[in-house]
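Undergrad: Take a look at my_file-v7.txt, compact mmCIF, C-alpha atoms:
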# COMPACT_ATOMS: atom_id res chain seq x y z
CA MET A 1 141.80 162.33 69.03
CA PRO A 2 139.52 159.57 70.30
CA ALA A 3 137.84 157.29 67.84
CA PRO A 4 134.14 158.11 67.36
CA ALA A 5 131.93 156.17 69.78
CA ALA A 6 130.26 153.16 68.18
CA LYS A 7 126.67 154.02 67.14
CA PRO A 8 124.11 151.93 69.02
CA ASP A 9 123.02 149.63 66.22
CA ALA A 10 119.60 149.58 64.66
CA LYS A 11 118.86 146.12 66.09
CA ALA A 12 119.43 147.27 69.68
CA LYS A 13 117.34 150.38 69.07
CA LEU A 14 114.49 148.28 67.65
CA LEU A 15 114.56 145.87 70.59
CA ASP A 16 114.46 148.76 73.05
CA ALA A 17 111.61 150.36 71.13
CA ALA A 18 109.74 147.04 71.10
CA MET A 19 109.92 146.75 74.90
CA SER A 20 108.41 150.18 75.30
CA VAL A 21 105.84 150.31 72.48
CA ILE A 22 104.51 146.74 72.90
CA ARG A 23 104.07 147.19 76.67
CA SER A 24 101.93 150.28 75.97
CA LYS A 25 99.88 149.24 72.95
CA GLY A 26 100.14 145.47 72.93
CA TYR A 27 101.83 143.31 70.32
CA SER A 28 99.13 143.03 67.66
CA ALA A 29 98.36 146.76 67.62
CA THR A 30 102.05 147.63 67.17
CA THR A 31 103.10 148.01 63.53
CA VAL A 32 106.56 147.68 62.01
CA GLU A 33 106.26 151.36 61.00
CA GLN A 34 105.62 152.41 64.60
CA LEU A 35 108.60 150.40 65.83
CA CYS A 36 110.83 152.00 63.19
CA THR A 37 109.61 155.50 64.13
CA ALA A 38 110.13 154.86 67.85
CA ALA A 39 113.60 153.42 67.19
CA GLY A 40 114.55 156.12 64.66
CA VAL A 41 115.53 153.56 62.03
CA THR A 42 114.37 152.79 58.51
CA LYS A 43 112.09 149.96 57.47
CA GLY A 44 115.04 148.68 55.45
CA ALA A 45 117.04 148.43 58.67
CA PHE A 46 114.15 146.58 60.33
CA PHE A 47 114.01 143.92 57.63
CA HIS A 48 117.79 143.69 57.54
CA HIS A 49 117.70 142.49 61.15
CA PHE A 50 114.30 140.74 61.34
CA SER A 51 112.64 138.70 58.63
CA SER A 52 109.16 139.59 59.93
CA LYS A 53 107.31 141.29 62.78
CA ASP A 54 107.00 137.89 64.47
CA ALA A 55 110.79 137.41 64.25
CA LEU A 56 111.13 140.74 66.08
CA GLY A 57 108.58 139.46 68.63
CA VAL A 58 110.69 136.36 69.36
CA ALA A 59 113.88 138.47 69.57
CA ALA A 60 112.14 140.97 71.87
CA ALA A 61 111.12 138.16 74.25
CA GLU A 62 114.71 136.86 74.25
CA HIS A 63 116.08 140.37 74.79
CA TRP A 64 113.63 140.76 77.69
CA SER A 65 114.88 137.51 79.25
CA GLU A 66 118.52 138.68 79.01
CA MET A 67 117.84 142.16 80.29
CA THR A 68 115.62 141.17 83.20
CA GLY A 69 117.90 138.19 83.93
CA ALA A 70 120.86 140.52 84.47
CA PHE A 71 118.71 142.97 86.44
CA PHE A 72 117.44 140.36 88.91
CA ALA A 73 120.83 138.61 89.15
CA ALA A 74 122.33 141.90 90.40
CA ALA A 75 119.55 142.56 92.95
CA PRO A 76 120.56 142.71 96.63
CA TYR A 77 118.24 139.95 97.94
CA HIS A 78 120.70 137.31 96.75
CA ASP A 79 123.15 138.42 99.49
CA LEU A 80 120.88 137.40 102.37
CA ALA A 81 122.18 134.39 104.32
CA ASP A 82 118.88 132.60 104.91
CA PRO A 83 117.18 131.02 101.86
CA LEU A 84 113.67 132.01 102.99
CA ASP A 85 114.91 135.58 103.47
CA ARG A 86 116.15 135.49 99.87
CA VAL A 87 112.74 134.31 98.61
CA LEU A 88 110.91 136.95 100.68
CA GLY A 89 113.56 139.47 99.59
CA TYR A 90 112.74 138.67 95.95
CA VAL A 91 109.03 139.30 96.57
CA ALA A 92 109.79 142.56 98.45
CA PHE A 93 112.01 143.59 95.54
CA ARG A 94 109.18 142.89 93.07
CA LYS A 95 106.93 145.13 95.16
CA ALA A 96 109.60 147.86 95.37
CA ILE A 97 109.99 148.03 91.58
CA LEU A 98 106.26 148.68 90.97
CA GLN A 99 107.29 152.26 90.14
CA GLY A 100 106.50 154.67 87.33
CA GLY A 101 103.74 154.27 84.78
CA VAL A 102 101.94 150.96 84.24
CA PRO A 103 103.74 150.26 80.91
CA GLU A 104 107.07 150.67 82.72
CA PHE A 105 106.57 148.11 85.49
CA THR A 106 104.51 145.50 83.64
CA CYS A 107 105.83 142.51 81.72
CA LEU A 108 106.60 142.35 78.01
CA VAL A 109 106.32 138.57 77.73
CA GLY A 110 103.12 138.32 79.79
CA THR A 111 101.56 140.83 77.40
CA MET A 112 102.84 139.15 74.24
CA VAL A 113 101.86 135.61 75.23
CA GLN A 114 98.33 136.74 76.10
CA GLU A 115 97.87 137.91 72.51
CA THR A 116 99.85 135.42 70.48
CA TYR A 117 99.49 132.06 72.24
CA GLU A 118 97.21 130.67 69.54
CA THR A 119 98.53 132.54 66.52
CA ALA A 120 102.34 132.75 66.84
CA PRO A 121 103.80 129.60 68.44
CA ALA A 122 107.40 130.85 68.18
CA ILE A 123 106.54 133.96 70.22
CA ARG A 124 104.51 131.90 72.69
CA ASP A 125 107.47 129.56 73.20
CA ALA A 126 109.93 132.44 73.68
CA CYS A 127 107.57 133.97 76.28
CA GLU A 128 107.18 130.61 78.01
CA ARG A 129 110.99 130.24 78.20
CA SER A 130 111.25 133.74 79.66
CA ILE A 131 108.63 133.16 82.37
CA SER A 132 109.72 129.63 83.31
CA GLY A 133 113.40 130.61 83.12
CA HIS A 134 112.84 133.46 85.56
CA ALA A 135 110.78 131.22 87.86
CA ALA A 136 113.64 128.70 87.83
CA THR A 137 115.98 131.30 89.38
CA LEU A 138 113.83 131.06 92.54
CA GLU A 139 113.70 127.28 92.77
CA ALA A 140 117.03 126.65 94.51
CA ASP A 141 116.23 129.15 97.28
CA ILE A 142 112.70 127.77 97.74
CA ASP A 143 114.10 124.25 97.85
CA ALA A 144 116.76 125.25 100.42
CA ALA A 145 114.06 126.99 102.51
CA MET A 146 111.91 123.84 102.38
CA ARG A 147 114.83 121.80 103.70
CA ALA A 148 115.78 124.42 106.30
CA HIS A 149 112.19 124.40 107.59
CA SER A 150 111.92 120.61 107.30
CA LEU A 151 108.91 120.87 105.00
CA GLN A 152 107.76 117.85 103.02
CA PRO A 153 104.64 119.35 101.50
CA ASP A 154 102.28 118.26 98.73
CA TRP A 155 103.68 121.01 96.48
CA THR A 156 107.07 121.41 94.82
CA ALA A 157 109.59 124.24 94.79
CA LYS A 158 108.96 124.52 91.07
CA SER A 159 105.20 124.91 91.45
CA LEU A 160 105.63 127.58 94.13
CA ALA A 161 108.17 129.44 91.96
CA LEU A 162 105.70 129.39 89.05
CA HIS A 163 102.90 130.51 91.36
CA THR A 164 104.91 133.64 92.27
CA GLN A 165 104.95 134.47 88.56
CA ALA A 166 101.21 133.82 88.23
CA VAL A 167 100.53 136.28 91.06
CA LEU A 168 102.80 138.91 89.47
CA GLN A 169 101.27 138.48 86.00
CA GLY A 170 97.76 138.69 87.41
CA ALA A 171 98.71 141.70 89.56
CA PHE A 172 99.86 143.45 86.38
CA ILE A 173 96.45 142.83 84.79
CA LEU A 174 94.69 144.38 87.80
CA ALA A 175 97.11 147.33 87.60
CA LYS A 176 96.26 147.76 83.92
CA ALA A 177 92.53 147.62 84.69
CA THR A 178 92.77 150.27 87.42
CA GLY A 179 95.67 152.33 86.05
CA SER A 180 97.48 152.02 89.38
CA ALA A 181 100.31 150.04 90.97
CA GLU A 182 98.51 149.97 94.31
CA ILE A 183 96.26 147.00 93.53
CA ALA A 184 99.29 145.05 92.26
CA ALA A 185 101.22 145.83 95.45
CA ASP A 186 98.29 144.45 97.49
CA SER A 187 98.49 141.13 95.63
CA VAL A 188 102.26 140.99 96.11
CA ASP A 189 101.62 141.52 99.85
CA HIS A 190 99.23 138.55 99.80
CA LEU A 191 101.94 136.50 98.09
CA ALA A 192 104.49 137.46 100.79
CA ARG A 193 101.92 136.57 103.48
CA TYR A 194 101.36 133.16 101.86
CA LEU A 195 105.09 132.44 101.80
CA LYS A 196 105.43 133.35 105.50
CA LEU A 197 102.49 131.06 106.36
CA LEU A 198 103.99 128.20 104.32
CA PHE A 199 107.33 128.50 106.14
CA PRO A 200 106.60 128.73 109.86
CA PRO A 201 109.47 129.85 112.13
CA LYS A 202 112.13 127.22 112.83
CA PRO A 203 111.77 125.26 116.09
CA PRO A 204 114.02 126.45 118.96
CA GLY A 205 117.46 124.82 119.01
CA PHE A 206 117.28 124.10 115.27
CA ASP A 207 120.68 123.99 113.59
CA GLU A 208 120.66 124.45 109.83
CA LYS A 209 123.78 122.33 109.33
CA ASP A 210 121.88 119.26 110.63
CA ILE A 211 119.80 119.21 107.48
CA LYS A 212 122.52 120.01 104.97
CA PRO A 213 123.24 117.10 102.67
CA MET B 1 51.14 125.28 63.10
CA PRO B 2 53.69 126.77 65.55
CA ALA B 3 55.01 130.28 64.93
CA PRO B 4 58.54 130.28 63.53
CA ALA B 5 61.16 130.42 66.33
CA ALA B 6 62.62 133.91 66.81
CA LYS B 7 65.96 134.22 64.98
CA PRO B 8 68.82 134.91 67.39
CA ASP B 9 69.56 138.52 66.51
CA ALA B 10 72.74 139.75 64.86
CA LYS B 11 73.82 141.58 68.01
CA ALA B 12 73.69 138.41 70.13
CA LYS B 13 75.54 136.47 67.42
CA LEU B 14 78.25 139.13 67.24
CA LEU B 15 78.71 139.19 71.03
CA ASP B 16 78.98 135.40 71.11
CA ALA B 17 81.48 135.48 68.25
CA ALA B 18 83.49 138.19 70.04
CA MET B 19 83.84 136.04 73.16
CA SER B 20 85.23 133.18 71.14
CA VAL B 21 87.37 134.97 68.52
CA ILE B 22 88.92 137.55 70.90
CA ARG B 23 89.85 134.90 73.45
CA SER B 24 91.71 133.00 70.69
CA LYS B 25 93.39 135.79 68.74
CA GLY B 26 93.32 138.74 71.11
CA TYR B 27 91.37 141.96 70.68
CA SER B 28 93.68 143.96 68.40
CA ALA B 29 94.26 141.12 65.96
CA THR B 30 90.51 140.53 65.58
CA THR B 31 88.95 142.43 62.69
CA VAL B 32 85.35 143.49 62.20
CA GLU B 33 85.32 141.26 59.09
CA GLN B 34 86.40 138.22 61.13
CA LEU B 35 83.71 138.90 63.73
CA CYS B 36 81.07 139.18 60.99
CA THR B 37 82.24 135.93 59.38
CA ALA B 38 82.27 134.08 62.73
CA ALA B 39 78.81 135.44 63.58
CA GLY B 40 77.41 134.85 60.08
CA VAL B 41 76.18 138.45 59.78
CA THR B 42 76.87 141.29 57.36
CA LYS B 43 79.13 144.26 58.03
CA GLY B 44 76.02 146.39 57.68
CA ALA B 45 74.47 144.49 60.59
CA PHE B 46 77.65 145.02 62.63
CA PHE B 47 77.56 148.79 62.19
CA HIS B 48 73.80 148.84 62.77
CA HIS B 49 74.46 147.54 66.29
CA PHE B 50 77.93 148.95 67.06
CA SER B 51 79.30 152.33 66.02
CA SER B 52 82.89 150.97 65.98
CA LYS B 53 85.02 147.97 66.86
CA ASP B 54 85.73 149.58 70.25
CA ALA B 55 81.98 149.91 70.90
CA LEU B 56 81.73 146.15 70.28
CA GLY B 57 84.67 145.71 72.70
CA VAL B 58 82.83 147.55 75.47
CA ALA B 59 79.60 145.63 74.77
CA ALA B 60 81.52 142.33 74.76
CA ALA B 61 82.99 143.10 78.19
CA GLU B 62 79.50 143.94 79.49
CA HIS B 63 78.04 140.80 77.91
CA TRP B 64 80.86 138.80 79.56
CA SER B 65 79.99 140.30 82.96
CA GLU B 66 76.32 139.38 82.55
CA MET B 67 76.99 135.89 81.27
CA THR B 68 79.65 134.96 83.85
CA GLY B 69 77.65 136.72 86.56
CA ALA B 70 74.66 134.43 85.93
CA PHE B 71 76.95 131.39 85.63
CA PHE B 72 78.66 131.95 88.99
CA ALA B 73 75.43 133.02 90.72
CA ALA B 74 73.97 129.60 89.85
CA ALA B 75 77.03 127.62 91.02
CA PRO B 76 76.53 125.18 93.91
CA TYR B 77 79.16 126.62 96.30
CA HIS B 78 76.67 129.31 97.39
CA ASP B 79 74.57 126.62 99.12
CA LEU B 80 77.28 125.72 101.68
CA ALA B 81 76.41 126.78 105.23
CA ASP B 82 79.86 127.98 106.34
CA PRO B 83 81.17 131.19 104.74
CA LEU B 84 84.76 129.87 104.51
CA ASP B 85 83.41 126.74 102.82
CA ARG B 86 81.69 129.00 100.28
CA VAL B 87 84.95 130.86 99.57
CA LEU B 88 86.91 127.59 99.26
CA GLY B 89 84.02 126.20 97.21
CA TYR B 90 84.37 129.12 94.81
CA VAL B 91 88.09 128.41 94.36
CA ALA B 92 87.44 124.68 93.90
CA PHE B 93 84.78 125.57 91.31
CA ARG B 94 87.29 127.80 89.46
CA LYS B 95 89.68 124.84 89.35
CA ALA B 96 86.94 122.45 88.21
CA ILE B 97 86.03 124.66 85.23
CA LEU B 98 89.59 124.69 83.83
CA GLN B 99 88.29 122.38 81.11
CA GLY B 100 88.57 122.27 77.35
CA GLY B 101 90.95 124.32 75.24
CA VAL B 102 92.83 127.33 76.63
CA PRO B 103 90.62 129.86 74.77
CA GLU B 104 87.56 128.26 76.35
CA PHE B 105 88.56 128.55 80.01
CA THR B 106 90.46 131.85 79.93
CA CYS B 107 89.04 135.30 80.50
CA LEU B 108 87.78 137.70 77.85
CA VAL B 109 88.20 140.85 79.94
CA GLY B 110 91.68 139.94 81.24
CA THR B 111 92.75 139.52 77.62
CA MET B 112 91.13 142.73 76.41
CA VAL B 113 92.40 144.93 79.24
CA GLN B 114 95.96 143.68 78.73
CA GLU B 115 95.86 145.00 75.17
CA THR B 116 93.73 148.14 75.42
CA TYR B 117 94.48 149.69 78.82
CA GLU B 118 96.44 152.56 77.29
CA THR B 119 94.64 152.91 73.99
CA ALA B 120 90.91 152.34 74.62
CA PRO B 121 89.84 153.75 78.03
CA ALA B 122 86.17 152.75 77.55
CA ILE B 123 87.18 149.10 77.06
CA ARG B 124 89.63 149.26 79.97
CA ASP B 125 86.88 150.63 82.24
CA ALA B 126 84.37 147.97 81.15
CA CYS B 127 86.99 145.27 81.86
CA GLU B 128 87.77 146.84 85.24
CA ARG B 129 84.06 146.83 86.14
CA SER B 130 83.84 143.17 85.12
CA ILE B 131 86.83 142.07 87.22
CA SER B 132 86.06 144.19 90.29
CA GLY B 133 82.34 143.36 90.03
CA HIS B 134 83.09 139.64 90.06
CA ALA B 135 85.56 140.05 92.95
CA ALA B 136 82.84 141.90 94.89
CA THR B 137 80.62 138.80 94.78
CA LEU B 138 83.19 137.13 97.08
CA GLU B 139 83.54 139.93 99.60
CA ALA B 140 80.51 139.20 101.79
CA ASP B 141 81.56 135.55 102.24
CA ILE B 142 85.19 136.51 102.98
CA ASP B 143 84.00 139.12 105.46
CA ALA B 144 81.68 136.61 107.17
CA ALA B 145 84.55 134.08 107.32
CA MET B 146 86.81 136.71 108.88
CA ARG B 147 84.20 137.36 111.60
CA ALA B 148 83.49 133.66 112.10
CA HIS B 149 87.23 133.04 112.59
CA SER B 150 87.65 136.18 114.72
CA LEU B 151 90.28 137.55 112.35
CA GLN B 152 91.29 141.20 112.54
CA PRO B 153 94.10 141.12 110.00
CA ASP B 154 96.10 143.83 108.22
CA TRP B 155 94.26 143.00 104.97
CA THR B 156 90.66 143.55 103.92
CA ALA B 157 88.02 141.24 102.48
CA LYS B 158 88.12 143.38 99.34
CA SER B 159 91.88 143.01 98.87
CA LEU B 160 91.67 139.23 99.33
CA ALA B 161 88.79 139.03 96.86
CA LEU B 162 90.82 140.99 94.29
CA HIS B 163 93.85 138.80 94.98
CA THR B 164 91.84 135.70 94.03
CA GLN B 165 91.25 137.37 90.66
CA ALA B 166 94.95 138.25 90.28
CA VAL B 167 95.87 134.61 90.84
CA LEU B 168 93.29 133.44 88.28
CA GLN B 169 94.33 136.01 85.66
CA GLY B 170 98.01 135.12 86.14
CA ALA B 171 97.21 131.41 86.06
CA PHE B 172 95.54 131.97 82.68
CA ILE B 173 98.73 133.61 81.36
CA LEU B 174 100.80 130.61 82.47
CA ALA B 175 98.24 128.31 80.81
CA LYS B 176 98.56 130.30 77.60
CA ALA B 177 102.36 130.11 77.75
CA THR B 178 102.36 126.33 78.25
CA GLY B 179 99.22 125.44 76.32
CA SER B 180 97.89 123.51 79.31
CA ALA B 181 95.40 123.93 82.16
CA GLU B 182 97.66 122.00 84.53
CA ILE B 183 99.93 124.92 85.47
CA ALA B 184 96.85 127.08 86.12
CA ALA B 185 95.35 124.39 88.36
CA ASP B 186 98.60 124.34 90.38
CA SER B 187 98.30 128.07 91.05
CA VAL B 188 94.65 127.70 92.02
CA ASP B 189 95.77 124.99 94.47
CA HIS B 190 98.28 127.46 95.97
CA LEU B 191 95.45 129.99 96.31
CA ALA B 192 93.26 127.45 98.14
CA ARG B 193 96.22 126.58 100.41
CA TYR B 194 96.72 130.28 101.20
CA LEU B 195 93.05 130.69 102.13
CA LYS B 196 93.18 127.66 104.43
CA LEU B 197 96.31 129.05 106.13
CA LEU B 198 94.70 132.48 106.56
CA PHE B 199 91.63 130.96 108.22
CA PRO B 200 92.83 128.47 110.83
CA PRO B 201 90.25 126.06 112.29
CA LYS B 202 87.89 127.53 114.84
CA PRO B 203 88.84 127.00 118.52
CA PRO B 204 86.95 124.19 120.33
CA GLY B 205 83.66 125.27 121.89
CA PHE B 206 83.34 128.16 119.44
CA ASP B 207 79.76 129.12 118.74
CA GLU B 208 79.18 131.12 115.58
CA LYS B 209 76.12 132.89 116.99
CA ASP B 210 78.34 134.59 119.63
CA ILE B 211 79.90 136.73 116.93
CA LYS B 212 76.81 137.49 114.92
CA PRO B 213 75.88 141.18 115.05
Would you write out, as structure tokens, the structure that this file holds?

TA:
Amino acid sequence: MPAPAAKPDAKAKLLDAAMSVIRSKGYSATTVEQLCTAAGVTKGAFFHHFSSKDALGVAAAEHWSEMTGAFFAAAPYHDLADPLDRVLGYVAFRKAILQGGVPEFTCLVGTMVQETYETAPAIRDACERSISGHAATLEADIDAAMRAHSLQPDWTAKSLALHTQAVLQGAFILAKATGSAEIAADSVDHLARYLKLLFPPKPPGFDEKDIKP
Amino acid sequence: MPAPAAKPDAKAKLLDAAMSVIRSKGYSATTVEQLCTAAGVTKGAFFHHFSSKDALGVAAAEHWSEMTGAFFAAAPYHDLADPLDRVLGYVAFRKAILQGGVPEFTCLVGTMVQETYETAPAIRDACERSISGHAATLEADIDAAMRAHSLQPDWTAKSLALHTQAVLQGAFILAKATGSAEIAADSVDHLARYLKLLFPPKPPGFDEKDIKP
């Protein structure tokens, strides 16, 4: 007789509930009671795992970073040979996942930082780490594309990586305002168009190995 | 003896307080009591002017549209002769006004819609009208620039105008995450660079009157 499956623990249930409830209602409007109801756990269980609602907020941002980190690390655009194709593949992937309802495709940490940046520094910092950490996963490919295209521009790979996140965060706000993914997809298209204009096609006869360090 | 100056009315004080308090703390975390304290008015005065906190939210979004509408209408970029210069002038102006603390240069309606899009449709719609109404003020200049540069692209003046707002809203989120205007200014620079790449210089001998209707 097999051993009974381990019960998903209350902490995991609360973090999952937080991702869903906070993306719908916002952080401030979400109460501990609502999180417990959505997670199907007691208030005692909540305070066993989190000393306060803000502690849950920090943990939710960290959980978001781990979950989305694994999701994007497994995405197929990483397999493309050309670094610019990987960057454009990332942007196309971001457009492709604008699916389902607005709370499902928008960003937990973008929402939380908008509300808490002045009032809950620990949450703000966890959101900042999530956004800048995700942007950093694009930097090596942008940098390689800059070298492959012999660009020496007045902007850095880091600033362009962060700009992609600004466009996505702003696109989510337009989607929330209109209730539709379409307006967000249009902005992501503008972002892809910008990247293609920044990286003009390689000159004929160009050999990538010439520029490798 | 001069007549006593008219007292700024409670409604105006409450709308001014809303712009400041909501941009710092977010909409949901702001209470009617806090708005009354910040405005220096009684709760009775609040409910004389607004039937509910959400009614104040809608009025604050509309007040924001009027106030920013007048502010941008008076800005000097409108005086430039070339339509592309006016569009680039707008973006440069948006960068120039990233001054003061984060709550001072960020956007009331972007903040409110992020929190209320699922829970307060009247606020969401007022925020949507504010964002799309402001974007619409750019459309005629973008359209004129497209004709002046003989562009017939796979994007519209409207989508580019909305994209400028996506970049700004996202730039505000990055500013909130980092506590600094600098990261927002970097994204606005990327937006200006995109616009310059979309509108290449006119060919030699080009005469704008040839393309006028």

Undergrad: Could you give me, as a tab-separated table (two decimals) with C-alpha atoms, in the frame of the given file, the residues within 10 Å of B:His49, counting all atoms listed in the file and dropping anything in the same chain fewer than 4 positions from it?

TA:
chain	number	residue	atom	x	y	z
B	10	ALA	CA	72.74	139.75	64.86
B	11	LYS	CA	73.82	141.58	68.01
B	12	ALA	CA	73.69	138.41	70.13
B	14	LEU	CA	78.25	139.13	67.24
B	44	GLY	CA	76.02	146.39	57.68
B	45	ALA	CA	74.47	144.49	60.59
B	55	ALA	CA	81.98	149.91	70.90
B	56	LEU	CA	81.73	146.15	70.28

Undergrad: How close is chain A to chain B in C-alpha RMSD after a least-squares fit, all Cα atoms in order?

TA: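 That comparison of chain B with chain A gives 0.1 Å.
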
Undergrad: For B:Gly100, list every protein, DNA or RNA residue within 12 Å, evaluated using only C-alpha atoms, and leave out those in the same chain fewer than 5 positions away; present the list as an MDAnalysis selection string.

TA: chainID B and resid 105:106 175 179:182

Undergrad: Take the residues from that selection and write them out as a PDB file, keeping the file's coordinate frame, keeping C-alpha atoms.

TA:
ATOM      1  CA  PHE B 105      88.560 128.550  80.010  1.00  0.00           C
ATOM      2  CA  THR B 106      90.460 131.850  79.930  1.00  0.00           C
ATOM      3  CA  ALA B 175      98.240 128.310  80.810  1.00  0.00           C
ATOM      4  CA  GLY B 179      99.220 125.440  76.320  1.00  0.00           C
ATOM      5  CA  SER B 180      97.890 123.510  79.310  1.00  0.00           C
ATOM      6  CA  ALA B 181      95.400 123.930  82.160  1.00  0.00           C
ATOM      7  CA  GLU B 182      97.660 122.000  84.530  1.00  0.00           C
TER       8      GLU B 182
END

Undergrad: Hey, can you check how far atom CA of A:Leu174 sits from atom CA of B:Leu98?

TA: 20.7 Å

Undergrad: Please, what distance in Å, to one decimal, runs between atom CA of B:Glu66 and atom CA of B:Ala18?

TA: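 Spanning atom CA of B:Glu66 to atom CA of B:Ala18 is a straight-line distance of 14.5 Å.
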
Undergrad: Under the rule that only C-alpha atoms are counted, which of A:Gln169, A:Thr68, A:Pro201, A:His163 is the nearest residue to B:Ile183?

TA: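 Under the stated criterion, the closest residue is A:His163.
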
Undergrad: So, counting all atoms listed in the file, which residue among B:Ser132, B:Gln114, B:Ser187, B:Ser150 is closest to A:Tyr27?

TA: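 Checking each candidate against A:Tyr27, we get B:Gln114 as the closest.
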
Undergrad: Mind pulling up the distance from atom CA of A:Tyr117 to atom CA of B:Ala126?

TA: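 Going from atom CA of B:Ala126 over to atom CA of A:Tyr117 covers 23.7 Å.
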
Undergrad: Quick one: of A:Leu138, A:Ala96, A:Ala184, A:Ile22, who's nearest to A:Gly69, counting only C-alpha atoms?

TA: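 With only C-alpha atoms as the atom set, the closest residue is A:Leu138.
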
Undergrad: Let me make sure I understand: among A:Glu118, A:Ala136, A:Ser159, A:Tyr194, which one has the smallest atom-to-atom distance to B:Ala171 if we use all atoms listed in the file?

TA: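 So, comparing all the options, the nearest one is A:Ser159.
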
Undergrad: Given a cut-off of 7 Å, which residues of chain A touch chain B, counting only C-alpha atoms, written out as a short mmCIF file (atom, residue, chain, number, x, y, z; two decimals) with C-alpha atoms, in the coordinates of the input?

TA:
data_model
loop_
_atom_site.label_atom_id
_atom_site.label_comp_id
_atom_site.auth_asym_id
_atom_site.auth_seq_id
_atom_site.Cartn_x
_atom_site.Cartn_y
_atom_site.Cartn_z
CA SER A 24 101.93 150.28 75.97
CA LYS A 25 99.88 149.24 72.95
CA GLY A 26 100.14 145.47 72.93
CA SER A 28 99.13 143.03 67.66
CA ALA A 29 98.36 146.76 67.62
CA GLY A 110 103.12 138.32 79.79
CA THR A 111 101.56 140.83 77.40
CA VAL A 113 101.86 135.61 75.23
CA GLN A 114 98.33 136.74 76.10
CA GLU A 115 97.87 137.91 72.51
CA THR A 116 99.85 135.42 70.48
CA TYR A 117 99.49 132.06 72.24
CA GLU A 118 97.21 130.67 69.54
CA THR A 119 98.53 132.54 66.52
CA ARG A 124 104.51 131.90 72.69
CA ASP A 125 107.47 129.56 73.20
CA CYS A 127 107.57 133.97 76.28
CA GLU A 128 107.18 130.61 78.01
CA SER A 159 105.20 124.91 91.45
CA HIS A 163 102.90 130.51 91.36
CA ALA A 166 101.21 133.82 88.23
CA VAL A 167 100.53 136.28 91.06
CA LEU A 168 102.80 138.91 89.47
CA GLN A 169 101.27 138.48 86.00
CA GLY A 170 97.76 138.69 87.41
CA ALA A 171 98.71 141.70 89.56
CA ILE A 173 96.45 142.83 84.79
CA LEU A 174 94.69 144.38 87.80
CA LYS A 176 96.26 147.76 83.92
CA ALA A 177 92.53 147.62 84.69
CA THR A 178 92.77 150.27 87.42
CA ASP A 186 98.29 144.45 97.49
CA SER A 187 98.49 141.13 95.63
CA TYR A 194 101.36 133.16 101.86
CA LEU A 197 102.49 131.06 106.36
#
